[in-house]
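data_34.cif follows (mmCIF, C-alpha atoms and all ligand atoms):
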data_coords
loop_
_atom_site.group_PDB
_atom_site.id
_atom_site.type_symbol
_atom_site.label_atom_id
_atom_site.label_comp_id
_atom_site.auth_asym_id
_atom_site.auth_seq_id
_atom_site.Cartn_x
_atom_site.Cartn_y
_atom_site.Cartn_z
ATOM 1 C CA MET A 1493 0.000 0.000 0.000
ATOM 2 C CA ARG A 1494 1.249 3.484 -0.838
ATOM 3 C CA ASN A 1495 1.360 6.416 1.536
ATOM 4 C CA ARG A 1496 -1.730 8.567 1.492
ATOM 5 C CA THR A 1497 -2.752 12.101 2.300
ATOM 6 C CA VAL A 1498 -6.069 13.940 2.012
ATOM 7 C CA ALA A 1499 -7.033 15.209 -1.442
ATOM 8 C CA GLU A 1500 -8.233 18.538 -0.085
ATOM 9 C CA GLU A 1501 -8.777 20.458 3.133
ATOM 10 C CA ILE A 1502 -11.432 19.083 5.420
ATOM 11 C CA LYS A 1503 -12.765 20.588 8.666
ATOM 12 C CA PHE A 1504 -14.466 19.150 11.728
ATOM 13 C CA SER A 1505 -16.063 21.325 14.418
ATOM 14 C CA GLY A 1506 -17.832 20.724 17.692
ATOM 15 C CA ILE A 1507 -17.526 20.427 21.443
ATOM 16 C CA THR A 1508 -14.534 18.595 22.919
ATOM 17 C CA LEU A 1509 -14.880 15.705 25.352
ATOM 18 C CA HIS A 1510 -12.577 16.570 28.219
ATOM 19 C CA LYS A 1511 -12.171 20.348 28.096
ATOM 20 C CA GLY A 1512 -15.715 21.074 26.907
ATOM 21 C CA GLU A 1513 -14.627 23.793 24.455
ATOM 22 C CA ASN A 1514 -15.703 24.450 20.893
ATOM 23 C CA SER A 1515 -12.997 23.207 18.583
ATOM 24 C CA THR A 1516 -12.292 23.231 14.867
ATOM 25 C CA ILE A 1517 -9.650 21.069 13.249
ATOM 26 C CA THR A 1518 -8.565 21.444 9.634
ATOM 27 C CA LEU A 1519 -6.883 18.519 7.909
ATOM 28 C CA LYS A 1520 -4.546 19.508 5.063
ATOM 29 C CA PRO A 1521 -2.475 17.497 2.598
ATOM 30 C CA LEU A 1522 1.259 17.133 3.259
ATOM 31 C CA ASP A 1523 4.065 15.886 1.010
ATOM 32 C CA GLU A 1524 5.875 12.581 1.266
ATOM 33 C CA GLY A 1525 8.183 12.304 4.250
ATOM 34 C CA SER A 1526 6.262 14.825 6.372
ATOM 35 C CA GLY A 1527 4.470 12.410 8.692
ATOM 36 C CA ILE A 1528 1.455 13.401 10.792
ATOM 37 C CA ILE A 1529 1.830 16.874 12.278
ATOM 38 C CA PHE A 1530 -0.493 18.704 14.675
ATOM 39 C CA GLN A 1531 -0.284 22.484 14.577
ATOM 40 C CA ARG A 1532 -1.670 24.969 17.088
ATOM 41 C CA GLY A 1533 -0.711 28.578 16.418
ATOM 42 C CA ASP A 1534 2.939 28.511 15.368
ATOM 43 C CA VAL A 1535 3.775 25.332 17.267
ATOM 44 C CA ARG A 1536 4.014 22.132 15.278
ATOM 45 C CA ILE A 1537 3.917 18.820 17.151
ATOM 46 C CA PRO A 1538 4.911 15.788 15.094
ATOM 47 C CA LEU A 1539 3.039 12.630 16.036
ATOM 48 C CA SER A 1540 5.658 10.405 17.668
ATOM 49 C CA PRO A 1541 6.116 8.448 20.893
ATOM 50 C CA ASP A 1542 8.304 11.280 22.220
ATOM 51 C CA SER A 1543 5.446 13.770 21.824
ATOM 52 C CA VAL A 1544 3.159 11.899 24.236
ATOM 53 C CA VAL A 1545 3.108 13.873 27.499
ATOM 54 C CA ASP A 1546 0.070 12.501 29.335
ATOM 55 C CA THR A 1547 -2.091 9.371 29.191
ATOM 56 C CA THR A 1548 -4.642 10.042 31.954
ATOM 57 C CA MET A 1549 -8.056 9.026 30.511
ATOM 58 C CA ALA A 1550 -6.876 10.119 27.021
ATOM 59 C CA THR A 1551 -3.688 10.442 24.981
ATOM 60 C CA THR A 1552 -2.167 13.921 25.078
ATOM 61 C CA ILE A 1553 0.749 15.174 22.996
ATOM 62 C CA GLY A 1554 2.673 18.346 23.640
ATOM 63 C CA LYS A 1555 5.620 20.594 22.947
ATOM 64 C CA ASP A 1556 6.732 24.027 24.230
ATOM 65 C CA ASN A 1557 3.869 24.291 26.773
ATOM 66 C CA ILE A 1558 1.311 23.585 24.032
ATOM 67 C CA LYS A 1559 -0.763 20.468 24.635
ATOM 68 C CA ILE A 1560 -3.306 18.699 22.471
ATOM 69 C CA HIS A 1561 -5.534 16.300 24.388
ATOM 70 C CA THR A 1562 -7.557 13.252 23.330
ATOM 71 C CA ILE A 1563 -6.064 12.634 19.893
ATOM 72 C CA GLU A 1564 -6.846 8.898 19.882
ATOM 73 C CA HIS A 1565 -10.260 8.780 18.159
ATOM 74 C CA LEU A 1566 -9.184 11.060 15.319
ATOM 75 C CA MET A 1567 -5.871 9.190 14.972
ATOM 76 C CA SER A 1568 -7.620 5.820 15.005
ATOM 77 C CA ALA A 1569 -9.572 6.834 11.876
ATOM 78 C CA ILE A 1570 -6.560 8.448 10.197
ATOM 79 C CA TRP A 1571 -4.358 5.368 10.737
ATOM 80 C CA SER A 1572 -7.087 3.016 9.503
ATOM 81 C CA LEU A 1573 -7.452 5.057 6.320
ATOM 82 C CA GLY A 1574 -3.726 4.508 5.669
ATOM 83 C CA ILE A 1575 -2.895 8.211 5.896
ATOM 84 C CA SER A 1576 0.829 8.745 6.519
ATOM 85 C CA ASN A 1577 1.286 12.433 5.754
ATOM 86 C CA LEU A 1578 -1.142 15.020 7.140
ATOM 87 C CA LEU A 1579 -1.272 18.447 8.753
ATOM 88 C CA ILE A 1580 -3.895 18.768 11.505
ATOM 89 C CA GLU A 1581 -4.457 22.402 12.409
ATOM 90 C CA ILE A 1582 -6.356 22.891 15.641
ATOM 91 C CA ASP A 1583 -7.682 26.094 17.185
ATOM 92 C CA THR A 1584 -7.880 24.859 20.771
ATOM 93 C CA VAL A 1585 -6.460 22.102 22.978
ATOM 94 C CA GLU A 1586 -8.499 19.083 21.850
ATOM 95 C CA PRO A 1587 -10.198 17.796 18.683
ATOM 96 C CA PRO A 1588 -14.021 17.746 18.676
ATOM 97 C CA VAL A 1589 -15.488 14.545 20.127
ATOM 98 C CA LEU A 1590 -18.338 14.399 17.555
ATOM 99 C CA ASP A 1591 -20.461 11.362 18.534
ATOM 100 C CA GLY A 1592 -17.783 9.800 20.795
ATOM 101 C CA SER A 1593 -16.669 7.311 18.141
ATOM 102 C CA SER A 1594 -14.486 7.678 15.015
ATOM 103 C CA ILE A 1595 -17.095 6.879 12.361
ATOM 104 C CA LYS A 1596 -17.725 10.482 11.312
ATOM 105 C CA PHE A 1597 -13.992 11.186 10.971
ATOM 106 C CA LEU A 1598 -13.672 8.042 8.848
ATOM 107 C CA GLU A 1599 -16.681 8.652 6.590
ATOM 108 C CA ASP A 1600 -16.125 12.358 6.019
ATOM 109 C CA ILE A 1601 -12.397 11.991 5.270
ATOM 110 C CA GLU A 1602 -13.167 9.151 2.849
ATOM 111 C CA LYS A 1603 -15.922 11.171 1.178
ATOM 112 C CA SER A 1604 -13.632 14.165 0.786
ATOM 113 C CA GLY A 1605 -11.070 11.905 -0.893
ATOM 114 C CA LEU A 1606 -7.546 10.598 -0.422
ATOM 115 C CA ILE A 1607 -4.479 10.798 -2.664
ATOM 116 C CA GLU A 1608 -2.018 7.951 -3.133
ATOM 117 C CA GLN A 1609 1.553 9.185 -2.856
ATOM 118 C CA SER A 1610 4.761 7.876 -4.425
ATOM 119 C CA ASN A 1611 6.312 5.777 -1.649
ATOM 120 C CA LEU A 1612 5.088 2.554 -0.103
ATOM 121 C CA ARG A 1613 3.740 2.847 3.453
ATOM 122 C CA GLU A 1614 6.306 1.531 5.906
ATOM 123 C CA LYS A 1615 5.263 -1.432 8.011
ATOM 124 C CA LEU A 1616 6.469 -2.151 11.522
ATOM 125 C CA VAL A 1617 6.721 -5.935 11.774
ATOM 126 C CA ILE A 1618 6.701 -7.342 15.317
ATOM 127 C CA GLU A 1619 9.464 -9.968 15.541
ATOM 128 C CA ARG A 1620 9.009 -11.144 19.134
ATOM 129 C CA GLU A 1621 6.488 -10.719 21.920
ATOM 130 C CA VAL A 1622 6.511 -7.487 23.889
ATOM 131 C CA SER A 1623 4.205 -6.982 26.861
ATOM 132 C CA VAL A 1624 3.470 -4.538 29.657
ATOM 133 C CA ARG A 1625 1.712 -5.515 32.870
ATOM 134 C CA ASP A 1626 0.145 -3.614 35.720
ATOM 135 C CA GLY A 1627 -1.304 -6.049 38.233
ATOM 136 C CA GLU A 1628 -4.012 -7.995 36.393
ATOM 137 C CA ARG A 1629 -4.019 -5.561 33.480
ATOM 138 C CA PHE A 1630 -1.831 -6.318 30.509
ATOM 139 C CA VAL A 1631 -1.214 -5.369 26.896
ATOM 140 C CA SER A 1632 0.975 -7.387 24.556
ATOM 141 C CA ILE A 1633 1.905 -7.666 20.910
ATOM 142 C CA SER A 1634 3.447 -10.662 19.189
ATOM 143 C CA PRO A 1635 4.384 -11.689 15.625
ATOM 144 C CA ASN A 1636 1.427 -11.995 13.240
ATOM 145 C CA HIS A 1637 3.315 -13.494 10.268
ATOM 146 C CA GLY A 1638 2.189 -11.101 7.545
ATOM 147 C CA LYS A 1639 -1.470 -11.027 8.593
ATOM 148 C CA GLY A 1640 -1.420 -7.315 9.438
ATOM 149 C CA LEU A 1641 -2.812 -5.963 12.715
ATOM 150 C CA SER A 1642 -5.036 -8.340 14.690
ATOM 151 C CA ILE A 1643 -6.533 -7.229 17.992
ATOM 152 C CA TYR A 1644 -8.051 -9.203 20.843
ATOM 153 C CA SER A 1645 -9.298 -7.212 23.798
ATOM 154 C CA LYS A 1646 -11.043 -8.178 27.001
ATOM 155 C CA ILE A 1647 -12.553 -6.094 29.767
ATOM 156 C CA ASP A 1648 -14.166 -7.011 33.061
ATOM 157 C CA PHE A 1649 -16.233 -4.364 34.791
ATOM 158 C CA SER A 1650 -18.184 -5.527 37.796
ATOM 159 C CA HIS A 1651 -21.186 -3.632 36.545
ATOM 160 C CA PRO A 1652 -24.469 -5.131 35.332
ATOM 161 C CA ALA A 1653 -24.460 -3.097 32.089
ATOM 162 C CA ILE A 1654 -20.960 -4.236 31.041
ATOM 163 C CA GLY A 1655 -19.564 -7.293 32.822
ATOM 164 C CA ILE A 1656 -17.005 -9.360 30.920
ATOM 165 C CA GLN A 1657 -16.688 -8.499 27.237
ATOM 166 C CA GLU A 1658 -14.168 -9.726 24.691
ATOM 167 C CA PHE A 1659 -13.748 -9.117 21.000
ATOM 168 C CA ALA A 1660 -11.238 -10.113 18.343
ATOM 169 C CA VAL A 1661 -10.846 -8.554 14.918
ATOM 170 C CA ASP A 1662 -8.335 -8.545 12.060
ATOM 171 C CA ILE A 1663 -8.090 -4.882 11.187
ATOM 172 C CA ASP A 1664 -8.573 -3.674 7.648
ATOM 173 C CA LEU A 1665 -10.564 -0.689 6.461
ATOM 174 C CA GLU A 1666 -13.786 -2.675 6.037
ATOM 175 C CA SER A 1667 -13.653 -4.466 9.396
ATOM 176 C CA TYR A 1668 -12.672 -1.208 11.084
ATOM 177 C CA ARG A 1669 -15.605 0.628 9.491
ATOM 178 C CA LYS A 1670 -18.177 -2.016 10.408
ATOM 179 C CA GLU A 1671 -16.944 -3.482 13.682
ATOM 180 C CA VAL A 1672 -14.913 -0.785 15.441
ATOM 181 C CA ALA A 1673 -15.355 2.802 14.222
ATOM 182 C CA PRO A 1674 -18.997 3.240 15.388
ATOM 183 C CA ALA A 1675 -18.214 2.184 18.987
ATOM 184 C CA ARG A 1676 -18.514 5.153 21.340
ATOM 185 C CA THR A 1677 -16.540 6.125 24.389
ATOM 186 C CA PHE A 1678 -18.239 5.535 27.734
ATOM 187 C CA GLY A 1679 -18.302 6.818 31.265
ATOM 188 C CA PHE A 1680 -19.968 6.093 34.566
ATOM 189 C CA ILE A 1681 -22.399 8.637 35.956
ATOM 190 C CA LYS A 1682 -20.917 8.093 39.437
ATOM 191 C CA ASP A 1683 -17.475 9.214 38.153
ATOM 192 C CA PHE A 1684 -18.493 12.367 36.303
ATOM 193 C CA GLU A 1685 -18.309 14.724 39.297
ATOM 194 C CA LYS A 1686 -14.836 13.448 40.195
ATOM 195 C CA LEU A 1687 -13.641 13.709 36.569
ATOM 196 C CA LYS A 1688 -15.042 17.226 36.253
ATOM 197 C CA ALA A 1689 -13.155 18.227 39.380
ATOM 198 C CA MET A 1690 -9.997 16.970 37.609
ATOM 199 C CA GLY A 1691 -10.841 19.099 34.542
ATOM 200 C CA LEU A 1692 -11.911 16.039 32.553
ATOM 201 C CA ALA A 1693 -15.169 15.046 30.809
ATOM 202 C CA LEU A 1694 -16.350 18.688 30.872
ATOM 203 C CA GLY A 1695 -17.947 18.308 27.422
ATOM 204 C CA ALA A 1696 -19.454 14.868 27.992
ATOM 205 C CA ASN A 1697 -23.164 14.526 27.245
ATOM 206 C CA TYR A 1698 -25.650 11.935 25.996
ATOM 207 C CA ASP A 1699 -24.791 12.751 22.365
ATOM 208 C CA ASN A 1700 -21.096 11.908 22.697
ATOM 209 C CA VAL A 1701 -20.649 9.355 25.498
ATOM 210 C CA ILE A 1702 -22.368 6.130 26.516
ATOM 211 C CA VAL A 1703 -23.504 7.146 29.986
ATOM 212 C CA VAL A 1704 -23.601 4.207 32.382
ATOM 213 C CA GLY A 1705 -25.880 4.603 35.397
ATOM 214 C CA GLU A 1706 -26.081 2.483 38.550
ATOM 215 C CA GLU A 1707 -27.730 -0.416 36.713
ATOM 216 C CA GLU A 1708 -27.999 0.377 33.025
ATOM 217 C CA VAL A 1709 -27.058 2.485 30.041
ATOM 218 C CA LEU A 1710 -28.899 5.797 30.326
ATOM 219 C CA ASN A 1711 -28.753 6.945 26.672
ATOM 220 C CA GLY A 1712 -32.249 6.891 25.167
ATOM 221 C CA ASP A 1713 -31.090 5.079 22.029
ATOM 222 C CA GLY A 1714 -29.251 2.324 23.914
ATOM 223 C CA LEU A 1715 -26.123 0.690 22.467
ATOM 224 C CA ARG A 1716 -24.852 0.318 18.900
ATOM 225 C CA PHE A 1717 -23.376 -3.122 19.676
ATOM 226 C CA GLU A 1718 -24.128 -5.320 22.621
ATOM 227 C CA ASN A 1719 -20.366 -5.286 23.386
ATOM 228 C CA GLU A 1720 -19.807 -1.665 22.328
ATOM 229 C CA PHE A 1721 -17.561 -1.058 25.354
ATOM 230 C CA VAL A 1722 -14.834 -3.525 24.385
ATOM 231 C CA ARG A 1723 -15.078 -2.455 20.752
ATOM 232 C CA HIS A 1724 -14.358 1.114 21.821
ATOM 233 C CA LYS A 1725 -11.288 -0.161 23.677
ATOM 234 C CA ILE A 1726 -10.105 -1.535 20.321
ATOM 235 C CA LEU A 1727 -10.788 1.813 18.646
ATOM 236 C CA ASP A 1728 -8.583 3.422 21.315
ATOM 237 C CA VAL A 1729 -5.841 0.796 20.880
ATOM 238 C CA ILE A 1730 -5.582 1.632 17.178
ATOM 239 C CA GLY A 1731 -5.340 5.342 17.982
ATOM 240 C CA ASP A 1732 -2.609 4.656 20.514
ATOM 241 C CA LEU A 1733 -0.658 2.339 18.169
ATOM 242 C CA SER A 1734 -0.939 4.927 15.361
ATOM 243 C CA ILE A 1735 1.777 6.831 17.212
ATOM 244 C CA LEU A 1736 4.234 4.299 15.741
ATOM 245 C CA GLY A 1737 3.657 6.179 12.451
ATOM 246 C CA MET A 1738 3.579 3.034 10.317
ATOM 247 C CA ASP A 1739 1.384 0.188 9.233
ATOM 248 C CA ILE A 1740 1.652 -2.689 11.744
ATOM 249 C CA ASP A 1741 2.101 -6.429 11.424
ATOM 250 C CA GLY A 1742 1.404 -7.753 14.894
ATOM 251 C CA SER A 1743 -1.112 -9.557 17.060
ATOM 252 C CA TYR A 1744 -2.188 -7.321 19.952
ATOM 253 C CA ARG A 1745 -3.895 -8.763 23.039
ATOM 254 C CA SER A 1746 -5.064 -7.009 26.154
ATOM 255 C CA PHE A 1747 -6.971 -7.309 29.369
ATOM 256 C CA ALA A 1748 -8.231 -3.997 30.756
ATOM 257 C CA SER A 1749 -6.042 -1.927 28.452
ATOM 258 C CA SER A 1750 -5.477 1.774 29.092
ATOM 259 C CA HIS A 1751 -3.869 4.649 27.198
ATOM 260 C CA ALA A 1752 -1.026 4.508 29.710
ATOM 261 C CA LEU A 1753 -0.313 0.818 29.080
ATOM 262 C CA ASN A 1754 -0.602 1.250 25.306
ATOM 263 C CA SER A 1755 1.815 4.157 25.400
ATOM 264 C CA GLN A 1756 4.276 2.099 27.464
ATOM 265 C CA LEU A 1757 3.915 -0.761 24.977
ATOM 266 C CA VAL A 1758 4.772 1.521 22.040
ATOM 267 C CA LYS A 1759 7.879 2.768 23.837
ATOM 268 C CA LYS A 1760 8.894 -0.750 24.853
ATOM 269 C CA ILE A 1761 8.545 -2.062 21.276
ATOM 270 C CA LEU A 1762 10.839 0.685 20.016
ATOM 271 C CA SER A 1763 13.325 0.360 22.890
ATOM 272 C CA ASP A 1764 14.936 -2.808 21.498
ATOM 273 C CA LYS A 1765 15.585 -3.309 17.782
ATOM 274 C CA ARG A 1766 15.227 -7.075 18.203
ATOM 275 C CA ASN A 1767 11.500 -6.522 18.856
ATOM 276 C CA TYR A 1768 10.674 -5.352 15.317
ATOM 277 C CA SER A 1769 11.775 -4.766 11.770
ATOM 278 C CA VAL A 1770 10.617 -2.082 9.337
ATOM 279 C CA LYS A 1771 9.558 -3.126 5.848
ATOM 280 C CA SER A 1772 8.100 -1.226 2.947
HETATM 281 ZN ZN ZN B 1801 -11.693 6.413 23.489
#

Rewrite the structure of this file - the entire thing - as structure tokens.
Ligand SMILES: [Zn+2]
Amino acid sequence: MRNRTVAEEIKFSGITLHKGENSTITLKPLDEGSGIIFQRGDVRIPLSPDSVVDTTMATTIGKDNIKIHTIEHLMSAIWSLGISNLLIEIDTVEPPVLDGSSIKFLEDIEKSGLIEQSNLREKLVIEREVSVRDGERFVSISPNHGKGLSIYSKIDFSHPAIGIQEFAVDIDLESYRKEVAPARTFGFIKDFEKLKAMGLALGANYDNVIVVGEEEVLNGDGLRFENEFVRHKILDVIGDLSILGMDIDGSYRSFASSHALNSQLVKKILSDKRNYSVKS
């Protein structure tokens, strides 16, 4: 597959999830070799593992006191579309949350059109298992022998609306579009006050989050998938792995994954050249 960029400028606007501000992002084409670059004012932040500055509830990148929060849903769609070179201008500190999933990013970018560039997209091939643990939680990635990115994820919330959920999917654009991209982020009503006190979830509402009450999902329309929660975890994983800046050949598995564990996994993969090779 060749590198891709957007054919023309495309904008997204709306409220942001954590900071609750109105935000507009403008995606613009970039030449070969540019990579994915976020720009706020004059500050350009290249998407790379070194740019990640915080992973509390969301993935935040930063440089020179400028931070951009919650990039994972947008990046999940961009990576799945095979986009390697892109400028993302942003007028505030966080992309709009839209409906809490990545489906609108995916569909609108596709509709606006993509351009194939001259070089082949580099692929990071996992050569041996790498894992990160935190108590019972773990994330791992192991060789997938040319089958691309496969993801298995499991969660266990002792809550009647969620419980144990697991899902496995081989990621390509079609499976991503149907099985993963529509899955929305979620939060527990009992946590919202605490999160708001931390300056998080300030823009959360029934149109952009699955709101979980004491017993049940409180959104009037219910769920998009019966296991929407674990599917959203997979959406997040792809956004967090996109920071590698390449296509991926690896089999990812997790129990109770988090942005923090995914970020540690990315750094651990890159920390030892025996863990991976790069092919194009
Ligand atoms: Zn998410």

Practice prompt. Please give me, as an MDAnalysis selection string, the residues lying within 7 Å of ligand ZN 1801 (chain B) when counting only C-alpha atoms and all ligand atoms.
Written response: chainID A and resid 1564:1565 1677 1724:1725 1727:1728

Worksheet item: Any chance you could work out the residue set of the PyMOL selection byres (((chain A and resi 1575) around 9) and not hetatm) here, as a ChimeraX atom specification?
Response: /A:1495-1498,1527-1528,1570-1574,1576-1578,1606,1613

Practice prompt. Go ahead and compute the interatomic distance for atom CA of Tyr1644 of chain A and atom CA of Val1701 of chain A, in Å to one decimal.
Written response: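 Pair atom CA of Tyr1644 of chain A / atom CA of Val1701 of chain A returns 22.9 Å.
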
Worksheet item: At most 12 Å from (-14.0, -2.0, 9.6), file frame, only C-alpha atoms: which residues, as number ranges by chain?
Response: A: 1568-1569, 1572-1573, 1594-1595, 1598-1599, 1661-1675, 1723, 1726-1727, 1730

For the selection just defined, write its residues with C-alpha atoms to a file, as a short mmCIF file (atom, residue, chain, number, x, y, z; two decimals), in the coordinates of the input.
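Output below, filename out29.cif:
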data_model
loop_
_atom_site.label_atom_id
_atom_site.label_comp_id
_atom_site.auth_asym_id
_atom_site.auth_seq_id
_atom_site.Cartn_x
_atom_site.Cartn_y
_atom_site.Cartn_z
CA SER A 1568 -7.62 5.82 15.00
CA ALA A 1569 -9.57 6.83 11.88
CA SER A 1572 -7.09 3.02 9.50
CA LEU A 1573 -7.45 5.06 6.32
CA SER A 1594 -14.49 7.68 15.02
CA ILE A 1595 -17.10 6.88 12.36
CA LEU A 1598 -13.67 8.04 8.85
CA GLU A 1599 -16.68 8.65 6.59
CA VAL A 1661 -10.85 -8.55 14.92
CA ASP A 1662 -8.34 -8.54 12.06
CA ILE A 1663 -8.09 -4.88 11.19
CA ASP A 1664 -8.57 -3.67 7.65
CA LEU A 1665 -10.56 -0.69 6.46
CA GLU A 1666 -13.79 -2.68 6.04
CA SER A 1667 -13.65 -4.47 9.40
CA TYR A 1668 -12.67 -1.21 11.08
CA ARG A 1669 -15.60 0.63 9.49
CA LYS A 1670 -18.18 -2.02 10.41
CA GLU A 1671 -16.94 -3.48 13.68
CA VAL A 1672 -14.91 -0.78 15.44
CA ALA A 1673 -15.36 2.80 14.22
CA PRO A 1674 -19.00 3.24 15.39
CA ALA A 1675 -18.21 2.18 18.99
CA ARG A 1723 -15.08 -2.46 20.75
CA ILE A 1726 -10.10 -1.54 20.32
CA LEU A 1727 -10.79 1.81 18.65
CA ILE A 1730 -5.58 1.63 17.18
#

Practice prompt. Translate the PyMOL selection byres (((chain A and resi 1632) around 6) and not hetatm), as applied to the file shown, into an explicit residue set as a PyMOL selection string.
Written response: chain A and resi 1622-1623+1631+1633+1744-1745

Worksheet item: Hey, what's within 8 Å of Ser1610 of chain A if we count only C-alpha atoms and toss same-chain stuff fewer than 2 positions away? As number ranges by chain, please?
Response: A: 1494-1495, 1524, 1608, 1612

Written selection (C-alpha atoms) as a compact mmCIF listing (two decimals), keeping the file's coordinate frame:
# COMPACT_ATOMS: atom_id res chain seq x y z
CA ARG A 1494 1.25 3.48 -0.84
CA ASN A 1495 1.36 6.42 1.54
CA GLU A 1524 5.88 12.58 1.27
CA GLU A 1608 -2.02 7.95 -3.13
CA LEU A 1612 5.09 2.55 -0.10

Practice prompt. Please evaluate the PyMOL selection byres (((chain A and resi 1719) around 9) and not hetatm) against the structure above and give the resulting residues as a ChimeraX atom specification.
Written response: /A:1654,1657-1659,1675,1715-1718,1720-1724

Practice prompt. List the neighbours of segment 1503-1518 of chain A out to 7 Å using only C-alpha atoms; skip same-chain residues closer than 2 positions along the sequence, and give me the result as a PyMOL selection string.
Written response: chain A and resi 1501+1520+1580-1584+1586-1590+1691-1696

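Relative to atom CA of Lys1765 of chain A, atom CA of Met1493 of chain A is found at 23.9 Å.
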
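Coordinates place atom CA of Lys1688 of chain A at a distance of 24.0 Å from atom CA of Gly1714 of chain A.
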
Discussion item. Considering all atoms listed in the file, can you say which of A:His1751, A:Asp1683, A:Ser1634, A:Asn1611 comes closest to Gly1705 of chain A?
Written reply: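 Going through A:His1751, A:Asp1683, A:Ser1634, A:Asn1611 one by one, the smallest distance to Gly1705 of chain A is for A:Asp1683.
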
Worksheet item: Of the candidates A:Gly1638, A:Phe1747, A:Asp1732, A:Gly1737, which one gets nearest to Ile1656 of chain A if we count all atoms listed in the file?
Response: A:Phe1747

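All protein and nucleic acid residues in the vicinity of (-12.2, 15.0, 1.7), that is within 7 Å when counting all atoms listed in the file, are Val1498, Ala1499, Glu1500, Glu1501, Ile1502, Asp1600, Ile1601, Glu1602, Lys1603, Ser1604, Gly1605 and Leu1606 of chain A.
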